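Right, one structure below, let's go through it.
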Amino acid sequence: MIPHLLPRGTCLCSEFEMPQTPFYIAHYLDRAITEPASRLFPDGFAADVKPADPRFGDFQANGILPYARRHRVNPREAAHTLLEAADESASWDPAWVTAEIAGPGFINFRFSNAFLLAWLQQYRTESDLRSAAVSLQAGRRAVVDYSAPNTAKQMHVGHIRSTVIGEAVARMLAFSGATVIRDNHIGDWGTQFGILIMAIKETGADPANLGPDPLQALEDLYRKGSALATADPNLQERARHELVLLQQGDPGNTALWEQIRTVSYEGAQEIYDLLGITFDHVHGESFYRDRLDTVYDELVRHGIAQEDDGALVVFHPEHPRFARQPFIIRKRDGASNYATTDLATVLYRVEELAADAIFYVVGAPQSDHFEQLFLTVGKWFEATGRPQPEMRHLSFGTILGEDGKSIRTRSGEPPQLKALLAEAVDRAYALVSDKNPSLTEPERREIARVVGIGAVRYADLAQNRTSDYLFSWERMLSLEGNTAPYLLYAVARIHSIFRKSGIAPGEQEAAATPFESEGEIALARKLVQFPAALEQSLADLRPHLLCTYLFELSGTFSSFYNSDRVIGAETAVESRRLLLCARTLCILETGLHMLGLETLERM
RNA sequence: GCGGGAGUAGCACAAUGGAUAGUGCAACGCUCUUCUAAAGCGUAGGUUGUGGGUUCGAGUCCCGCCUCCCGCGCCA
């Protein structure tokens, strides 16, 4: 339930009746004009309320224009009629929000300074925001499938996007009320094991004793195996056979596979510890192997899959491309592949986890695979009478190096994630030591960790996930522009104000009067846009919209900070400015935490 | 060849079919005896690849063309 604005005439200052302001204000305004509109315009009126350019108002409703066109009426007149009816039914208190018609027929809503203050007095803490936000996705049960490294390989820069975006998406969903199941779907059942097992047997390596960097050793072994297989068709065949043996439960290969898995998990865990990420499931593809026969049987029985050239494949005759481009679910040699395990995984998630939504945070090059997967699941579950989960591929672009090509080290390999994160922390350490040498060594280390890791994560999140992005140390660690250091600096400065004043955030706000200065008003208006930004970001699960909002909020705060002195102002003024600082701090920290960043008290 | 994505200021990027296309770097000015100047303020910078179309309104939707990236039978 969205709480309602006070009806007109209610006393705003009663101690017993705290004024209630809606959290999702756009929803409130939408309903407030949709209700009278449903009487005036019986057929299909959508209010279309969205954040407005601050010059025009706080929110605007654009729905009149398409309506007027459809019904050949004058849009401004229709808007006028609508506003009169809304006014009649006291949809909003004019002391809090005013509406006016502008341009060809926009309805602009503008909040009063009293409203801004009331809103900010109501949503005071991260937990206030959280409890108010949950109405958006309450009851939804969503699996977020992300990170998904392969066993026997170091995580490299290519995994950062899935890991970082997936974590942010999971947090955003959870914040807005969904039950989130974080699932790290590790690639531990594929072709690479055939090659690896073959290589182990050929070279006589001991997977239980791989030296100081066992994961690196495995990766080298894999590379060696690949080279062997490429050079010698017999070994290629041998590798395939080892995989088939493994998938058939051969005890020797299973033991090797267990050892490889253990080494790989431990390696990946280092990264997750560094990023503060915990999964609910780290099942891996292998976990689903006892469901693969169900997949084959049911898809064949319902005529969805067919034999083709020795393999079991699914075609989608209605689709322009997948009518001929197969979805291979069983290879000619009888081995499963990731199409098979992905199908089995959907089955598990729907039957055992009762998921009603599954989000795959995987790179754009795999979009064909997911499109085929979703089509196949649709037919399969339709035929078997299972509930259809919402499935979405949250695809993302490639990370490019400064040369505009897919990022590589000098040796031609993608940079390792561990090394990349370490370099970020080192660079941040150099920066903080330079900018703030008075801090103690341990303080600078801690700041470097938060800023360095945060910079890498934020650089990734701040950009539209669907496009490729250019990796640049200089840019991501800059204190200028839409970067983690800039946002963290804003947070640190607010903490500094409270530290200097000896006041805790949230204290000494009682004397606050409505905002007056340009800086105060701009900041307050920006703060109340937080729910709308969250909602927009959630609509297509695009974290960069939340980033943009937080960056703009930081900028608005910095302007305010430079123009309006907080400490030492006259009591009522100081009080309301402290309130603004406390709320800015709260929303910035809430937002940054939602993106997976830690925040600092000084830097 | 077929299919997908992309092309916005010198550079990196925003912009849910809406109002005068924004932000940050870089450039040029200005502002620290005052809460962190790691900041703020200002100036300049655009035929949104290109040609058509739909619309009251197009960077956004449709069609053609150009350029780049990616995918397309047993890898994940």
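Labeling convention for the structure tokens: chains A, B, ... as they appear, residues from 1 per chain, ligands from 1 in order of appearance.
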Distance filter 9 Å, only C-alpha atoms (C1' of nucleotides), chain B against chain A, as an MDAnalysis selection string: chainID B and resid 2:6 12:14 16 18:19 23:25 34:36 38:41 56 69:76
Members of range 339-540 of chain A assigned helix (DSSP H, G or I) by DSSP, as a VMD selection string: chain A and resid 339 to 351 364 to 384 417 to 435 441 to 461 473 to 476 484 to 501 518 to 527 530 to 539
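One finds CA of Phe287 in chain A at 20.5 Å from CA of Arg240 in chain A.
Excluding Pro543 in chain A itself and any same-chain residue fewer than 6 positions from it, the protein and nucleic acid residues within 10 Å of it, counting only C-alpha atoms (C1' of nucleotides), are Ile165, Gly166, Ala168, Val169, Met172, Tyr458, Asp460, Leu461, Ala462, Gln463, Asn464, Arg465, Ala533, Leu534, Gln536, Ser537, Met594 and Leu595 of chain A.
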12 Å contact set for G52 in chain B, only C-alpha atoms (C1' of nucleotides), chain neighbours under 3 positions out, as a ChimeraX atom specification: /B:62-65
Backbone-only DSSP, strand (DSSP E or B) members of range 278-515 of chain A, as an MDAnalysis selection string: chainID A and resid 281 305:308 311:314 327:330 357:363 390:396 399:400 406 416 469:470
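With distances restricted to only C-alpha atoms, A:Ala484 is the closest residue to Ile453 in chain A from A:Leu550, A:Ala199, A:Ala355, A:Ala484.
Closest to Glu258 in chain A among A:Ala132, A:Val157, A:Leu116, A:Ala152 is A:Ala152, based on only C-alpha atoms.
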Within 7 Å of range 242-257 of chain A, counting only C-alpha atoms (C1' of nucleotides), which residues qualify if same-chain residues fewer than 4 places away don't, as a PDB file with all heavy atoms, in the first residue's frame?
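Final file, out_11.pdb:
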ATOM      1  N   THR A 191      33.447 -29.506 -21.670  1.00  0.00           N
ATOM      2  CA  THR A 191      34.509 -30.053 -22.493  1.00  0.00           C
ATOM      3  C   THR A 191      35.906 -29.833 -21.910  1.00  0.00           C
ATOM      4  O   THR A 191      36.800 -30.642 -22.116  1.00  0.00           O
ATOM      5  CB  THR A 191      34.435 -29.392 -23.882  1.00  0.00           C
ATOM      6  OG1 THR A 191      33.115 -29.554 -24.352  1.00  0.00           O
ATOM      7  CG2 THR A 191      35.402 -30.022 -24.842  1.00  0.00           C
ATOM      8  N   PHE A 193      37.012 -30.311 -19.152  1.00  0.00           N
ATOM      9  CA  PHE A 193      37.476 -31.395 -18.281  1.00  0.00           C
ATOM     10  C   PHE A 193      38.059 -32.547 -19.067  1.00  0.00           C
ATOM     11  O   PHE A 193      39.005 -33.191 -18.615  1.00  0.00           O
ATOM     12  CB  PHE A 193      36.350 -31.873 -17.374  1.00  0.00           C
ATOM     13  CG  PHE A 193      36.175 -30.966 -16.214  1.00  0.00           C
ATOM     14  CD1 PHE A 193      35.213 -29.974 -16.244  1.00  0.00           C
ATOM     15  CD2 PHE A 193      37.008 -31.059 -15.127  1.00  0.00           C
ATOM     16  CE1 PHE A 193      35.087 -29.106 -15.204  1.00  0.00           C
ATOM     17  CE2 PHE A 193      36.885 -30.188 -14.066  1.00  0.00           C
ATOM     18  CZ  PHE A 193      35.916 -29.202 -14.107  1.00  0.00           C
ATOM     19  N   GLY A 194      37.502 -32.780 -20.213  1.00  0.00           N
ATOM     20  CA  GLY A 194      38.072 -33.821 -21.057  1.00  0.00           C
ATOM     21  C   GLY A 194      39.511 -33.479 -21.385  1.00  0.00           C
ATOM     22  O   GLY A 194      40.419 -34.307 -21.244  1.00  0.00           O
ATOM     23  N   ILE A 197      41.726 -33.591 -18.121  1.00  0.00           N
ATOM     24  CA  ILE A 197      42.000 -34.951 -17.641  1.00  0.00           C
ATOM     25  C   ILE A 197      42.993 -35.635 -18.585  1.00  0.00           C
ATOM     26  O   ILE A 197      43.942 -36.283 -18.145  1.00  0.00           O
ATOM     27  CB  ILE A 197      40.689 -35.753 -17.514  1.00  0.00           C
ATOM     28  CG1 ILE A 197      39.871 -35.206 -16.342  1.00  0.00           C
ATOM     29  CG2 ILE A 197      40.975 -37.246 -17.291  1.00  0.00           C
ATOM     30  CD1 ILE A 197      38.453 -35.745 -16.240  1.00  0.00           C
ATOM     31  N   MET A 198      42.788 -35.414 -19.860  1.00  0.00           N
ATOM     32  CA  MET A 198      43.725 -35.951 -20.833  1.00  0.00           C
ATOM     33  C   MET A 198      45.128 -35.390 -20.561  1.00  0.00           C
ATOM     34  O   MET A 198      46.115 -36.138 -20.534  1.00  0.00           O
ATOM     35  CB  MET A 198      43.247 -35.592 -22.248  1.00  0.00           C
ATOM     36  CG  MET A 198      44.140 -36.029 -23.379  1.00  0.00           C
ATOM     37  SD  MET A 198      45.418 -34.821 -23.768  1.00  0.00           S
ATOM     38  CE  MET A 198      44.465 -33.556 -24.615  1.00  0.00           C
ATOM     39  N   ARG A 238      40.811 -38.506 -27.614  1.00  0.00           N
ATOM     40  CA  ARG A 238      41.031 -39.001 -26.260  1.00  0.00           C
ATOM     41  C   ARG A 238      40.365 -38.059 -25.244  1.00  0.00           C
ATOM     42  O   ARG A 238      39.687 -38.503 -24.301  1.00  0.00           O
ATOM     43  CB  ARG A 238      42.547 -39.070 -26.030  1.00  0.00           C
ATOM     44  CG  ARG A 238      43.002 -39.280 -24.632  1.00  0.00           C
ATOM     45  CD  ARG A 238      43.126 -40.772 -24.281  1.00  0.00           C
ATOM     46  NE  ARG A 238      43.508 -40.880 -22.886  1.00  0.00           N
ATOM     47  CZ  ARG A 238      44.768 -40.718 -22.448  1.00  0.00           C
ATOM     48  NH1 ARG A 238      45.731 -40.480 -23.315  1.00  0.00           N
ATOM     49  NH2 ARG A 238      45.039 -40.812 -21.171  1.00  0.00           N
ATOM     50  N   ARG A 261      38.004 -29.309  -9.032  1.00  0.00           N
ATOM     51  CA  ARG A 261      36.942 -28.427  -8.550  1.00  0.00           C
ATOM     52  C   ARG A 261      37.324 -27.727  -7.253  1.00  0.00           C
ATOM     53  O   ARG A 261      37.081 -26.534  -7.079  1.00  0.00           O
ATOM     54  CB  ARG A 261      35.676 -29.249  -8.329  1.00  0.00           C
ATOM     55  CG  ARG A 261      34.498 -28.697  -9.091  1.00  0.00           C
ATOM     56  CD  ARG A 261      33.383 -29.692  -9.174  1.00  0.00           C
ATOM     57  NE  ARG A 261      32.993 -30.216  -7.878  1.00  0.00           N
ATOM     58  CZ  ARG A 261      31.768 -30.056  -7.363  1.00  0.00           C
ATOM     59  NH1 ARG A 261      30.874 -29.362  -8.016  1.00  0.00           N
ATOM     60  NH2 ARG A 261      31.468 -30.613  -6.224  1.00  0.00           N
ATOM     61  N   ALA A 335      27.732 -36.910 -25.048  1.00  0.00           N
ATOM     62  CA  ALA A 335      27.984 -36.019 -23.916  1.00  0.00           C
ATOM     63  C   ALA A 335      26.970 -34.883 -23.911  1.00  0.00           C
ATOM     64  O   ALA A 335      26.459 -34.470 -24.953  1.00  0.00           O
ATOM     65  CB  ALA A 335      29.399 -35.459 -23.994  1.00  0.00           C
TER      66      ALA A 335
END
